[in-house]
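> Below are the structure tokens for one structure; questions will follow.
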Amino acid sequence: MWSVLIADDELIECQALELMLRNNYKDVTVLPYANDGLACIHMAEQYEPDILLVDINMPEFNGIEAASYLKKKNFRGKIIIITAYSKFAYIQDALRAGVEDYILKPVKMEELCRVVNQIRSKNIQEEEKLTMIRLGKAIEMIENSSVPVKRIAEESGFLSTSYFYRIIKKKFDISVSRMRELCGTLF
């Protein structure tokens with residue numbers, strides 16, 4: 001499952017985007033809508049969505065200001081600006097604020113899906129790269145047979161010991177104890 005927060009002061013726009021997402025992605029969770037920039041910031045911090053769809057022209061903070069604020073606070077989700085404004089200056093400001101993409105209204109379903117698919121694919125690649133870095137650190141620790149597996153999982157950045165076991169099994173098709181045996185004979 002992955003989550004999306006939609007921020008737009010026009011309810012019909014939020015509903016249309018939600019409908020497009022639900023019709024094309026069965027594994028999406030659409031969070032409650034934010035109807036202004038301040039609510040967008042608070043809800044993004046609270047829910048930590050994977051993707052934030054945000055309009056530029058909203059009360060309180062505009063979408064670019066909200067995106068800029070969130071990026072400065074190390075918001076990890078990907079931000080897509082959705083707006084009726086096609087001025088090049090807005091696009092430049094959005095990119096400077098750290099947004100992933102910029103979609104013009106009226107939003108076409110194909111364009112929304114293209115951008116979302118691109119972001120999801122990039123997220124999967126980034127997660128795979130991070131997993132490999134964590135595995136490298138874990139393998140270094142596995143070589144020292146006195147380190148408990150729970151500590152290896154925690155210090156390598158895995159969410160839990162059971163998740164760590166599953167990743168080792170998936171990547172190497174062996175158990176952690178067998179990996180320890182092999183490391184002992186190799187090093």
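Identifiers for the structure tokens are assigned positionally: chains receive A, B, ... in sequence, residues are indexed from 1 per chain, and ligands are indexed from 1 in the order shown.
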Within 10 Å of region 165-181 of chain A, counting only C-alpha atoms, which residues qualify if same-chain residues fewer than 5 places away don't, as JSON, numbers by chain?

{"A": [131, 132, 135, 138, 139, 141, 142, 143, 144, 145, 149, 150, 153, 158, 160, 186]}

> List as CSV every residue of region 108-149 of chain A that is in contact with region 13-22 of chain A, defined as an atom at most 10 Å from one of its atoms (using only C-alpha atoms), together with the nearest atom pair and the distance in Å rounded to one decimal, sorted by chain and then rising number.


```
residue,atom,partner,partner_atom,distance
A:Lys108,CA,A:Met20,CA,9.1
A:Met109,CA,A:Met20,CA,6.2
A:Glu110,CA,A:Met20,CA,9.4
A:Leu112,CA,A:Met20,CA,8.2
A:Cys113,CA,A:Leu21,CA,7.9
A:Val116,CA,A:Leu21,CA,9.2
```

> Determine which residues of chain A DSSP labels as helix (DSSP H, G or I) from the backbone of this structure, then write them out as a PyMOL selection string.

chain A and resi 11-24+37-47+63-72+88-96+109-142+149-156+161-172+176-186

> Excluding Pro59 (chain A) and any residue of its chain fewer than 5 positions from it, enumerate the residues within 9 Å of it, using only C-alpha atoms, and give them as a PyMOL selection string.

chain A and resi 9+35-38

> Just the residues within 10 Å of Ala39 (chain A), please, counting only C-alpha atoms, with nothing from its chain fewer than 5 positions along; format it as a PDB file with N, CA, C and O atoms, in the first residue's frame.


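Saved as result20.pdb:
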```pdb
ATOM      1  N   ALA A   7      -4.112  18.139  -1.877  1.00  0.00           N
ATOM      2  CA  ALA A   7      -4.295  19.469  -1.296  1.00  0.00           C
ATOM      3  C   ALA A   7      -4.781  20.426  -2.380  1.00  0.00           C
ATOM      4  O   ALA A   7      -4.042  20.766  -3.303  1.00  0.00           O
ATOM      5  N   TYR A  33      -8.586  15.099   2.479  1.00  0.00           N
ATOM      6  CA  TYR A  33      -8.114  16.246   1.697  1.00  0.00           C
ATOM      7  C   TYR A  33      -7.653  17.394   2.595  1.00  0.00           C
ATOM      8  O   TYR A  33      -8.168  17.599   3.682  1.00  0.00           O
ATOM      9  N   ALA A  34      -6.698  18.166   2.082  1.00  0.00           N
ATOM     10  CA  ALA A  34      -6.294  19.433   2.700  1.00  0.00           C
ATOM     11  C   ALA A  34      -6.829  20.545   1.812  1.00  0.00           C
ATOM     12  O   ALA A  34      -6.623  20.515   0.602  1.00  0.00           O
ATOM     13  N   ALA A  44       0.554  16.642   5.868  1.00  0.00           N
ATOM     14  CA  ALA A  44       1.731  15.964   5.307  1.00  0.00           C
ATOM     15  C   ALA A  44       2.667  15.527   6.429  1.00  0.00           C
ATOM     16  O   ALA A  44       3.218  14.429   6.398  1.00  0.00           O
ATOM     17  N   GLU A  45       2.824  16.377   7.437  1.00  0.00           N
ATOM     18  CA  GLU A  45       3.671  16.014   8.584  1.00  0.00           C
ATOM     19  C   GLU A  45       3.034  14.900   9.415  1.00  0.00           C
ATOM     20  O   GLU A  45       3.721  14.022   9.909  1.00  0.00           O
ATOM     21  N   PRO A  59      -5.459  29.117  -0.191  1.00  0.00           N
ATOM     22  CA  PRO A  59      -5.344  30.064   0.929  1.00  0.00           C
ATOM     23  C   PRO A  59      -4.220  29.660   1.896  1.00  0.00           C
ATOM     24  O   PRO A  59      -3.727  28.530   1.851  1.00  0.00           O
ATOM     25  N   GLU A  60      -3.878  30.572   2.782  1.00  0.00           N
ATOM     26  CA  GLU A  60      -2.839  30.413   3.804  1.00  0.00           C
ATOM     27  C   GLU A  60      -1.443  30.392   3.185  1.00  0.00           C
ATOM     28  O   GLU A  60      -0.773  31.390   3.189  1.00  0.00           O
ATOM     29  N   PHE A  61      -0.999  29.247   2.680  1.00  0.00           N
ATOM     30  CA  PHE A  61       0.243  29.126   1.929  1.00  0.00           C
ATOM     31  C   PHE A  61      -0.135  28.635   0.547  1.00  0.00           C
ATOM     32  O   PHE A  61      -1.009  27.789   0.410  1.00  0.00           O
ATOM     33  N   ALA A  66       4.157  25.742   0.432  1.00  0.00           N
ATOM     34  CA  ALA A  66       3.972  24.534   1.245  1.00  0.00           C
ATOM     35  C   ALA A  66       5.030  23.480   0.885  1.00  0.00           C
ATOM     36  O   ALA A  66       5.633  22.866   1.769  1.00  0.00           O
TER      37      ALA A  66
END
```

> What residues in region 13-141 of chain A get the DSSP label strand (DSSP E or B)? Please answer as a list in words.

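For region 13-141 of chain A, the strand (DSSP E or B) set is Val28, Thr29, Val30, Ala34, Ile51, Leu52, Leu53, Val54, Asp55, Lys78, Ile79, Ile80, Ile81, Ile82, Thr83, Asp101, Tyr102, Ile103 and Leu104 of chain A.
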
> Output the selection as a PDB file, in the first residue's frame - C-alpha atoms for each residue.


```pdb
ATOM      1  CA  VAL A  28      -3.579   3.318  -2.987  1.00  0.00           C
ATOM      2  CA  THR A  29      -4.774   4.930   0.231  1.00  0.00           C
ATOM      3  CA  VAL A  30      -6.171   8.406  -0.413  1.00  0.00           C
ATOM      4  CA  ALA A  34      -6.294  19.433   2.700  1.00  0.00           C
ATOM      5  CA  ILE A  51       2.882  11.309  -2.785  1.00  0.00           C
ATOM      6  CA  LEU A  52       1.493  14.787  -2.228  1.00  0.00           C
ATOM      7  CA  LEU A  53      -0.674  16.291  -4.992  1.00  0.00           C
ATOM      8  CA  VAL A  54      -0.855  20.024  -4.325  1.00  0.00           C
ATOM      9  CA  ASP A  55      -2.486  22.953  -6.106  1.00  0.00           C
ATOM     10  CA  LYS A  78       7.250  13.123  -3.514  1.00  0.00           C
ATOM     11  CA  ILE A  79       5.411  16.329  -4.360  1.00  0.00           C
ATOM     12  CA  ILE A  80       3.493  16.924  -7.587  1.00  0.00           C
ATOM     13  CA  ILE A  81       2.168  20.398  -8.319  1.00  0.00           C
ATOM     14  CA  ILE A  82      -1.236  20.436 -10.015  1.00  0.00           C
ATOM     15  CA  THR A  83      -2.349  23.808 -11.323  1.00  0.00           C
ATOM     16  CA  ASP A 101       6.670  17.098 -11.355  1.00  0.00           C
ATOM     17  CA  TYR A 102       4.140  19.661 -12.521  1.00  0.00           C
ATOM     18  CA  ILE A 103       0.752  18.765 -14.077  1.00  0.00           C
ATOM     19  CA  LEU A 104      -1.562  21.280 -15.715  1.00  0.00           C
TER      20      LEU A 104
END
```

> Which distance in Å separates CA of Gly77 (chain A) and CA of Ile133 (chain A), to one decimal?

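These two atoms are separated by 20.6 Å.
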
> Any idea what the distance is between CA of Asn23 (chain A) and CA of Glu127 (chain A)?

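Answer for the CA of Asn23 (chain A) to CA of Glu127 (chain A) separation: 25.8 Å.
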
> Record the distance separating CA of Ile152 (chain A) and CA of Pro49 (chain A), expressed in Å with one decimal.

28.6 Å

> Of the candidates A:Leu130, A:Met1, A:Ala97, A:Ile91, which one gets nearest to Leu70 (chain A) if we count only C-alpha atoms?

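Going through A:Leu130, A:Met1, A:Ala97, A:Ile91 one by one, the smallest distance to Leu70 (chain A) is for A:Ala97.
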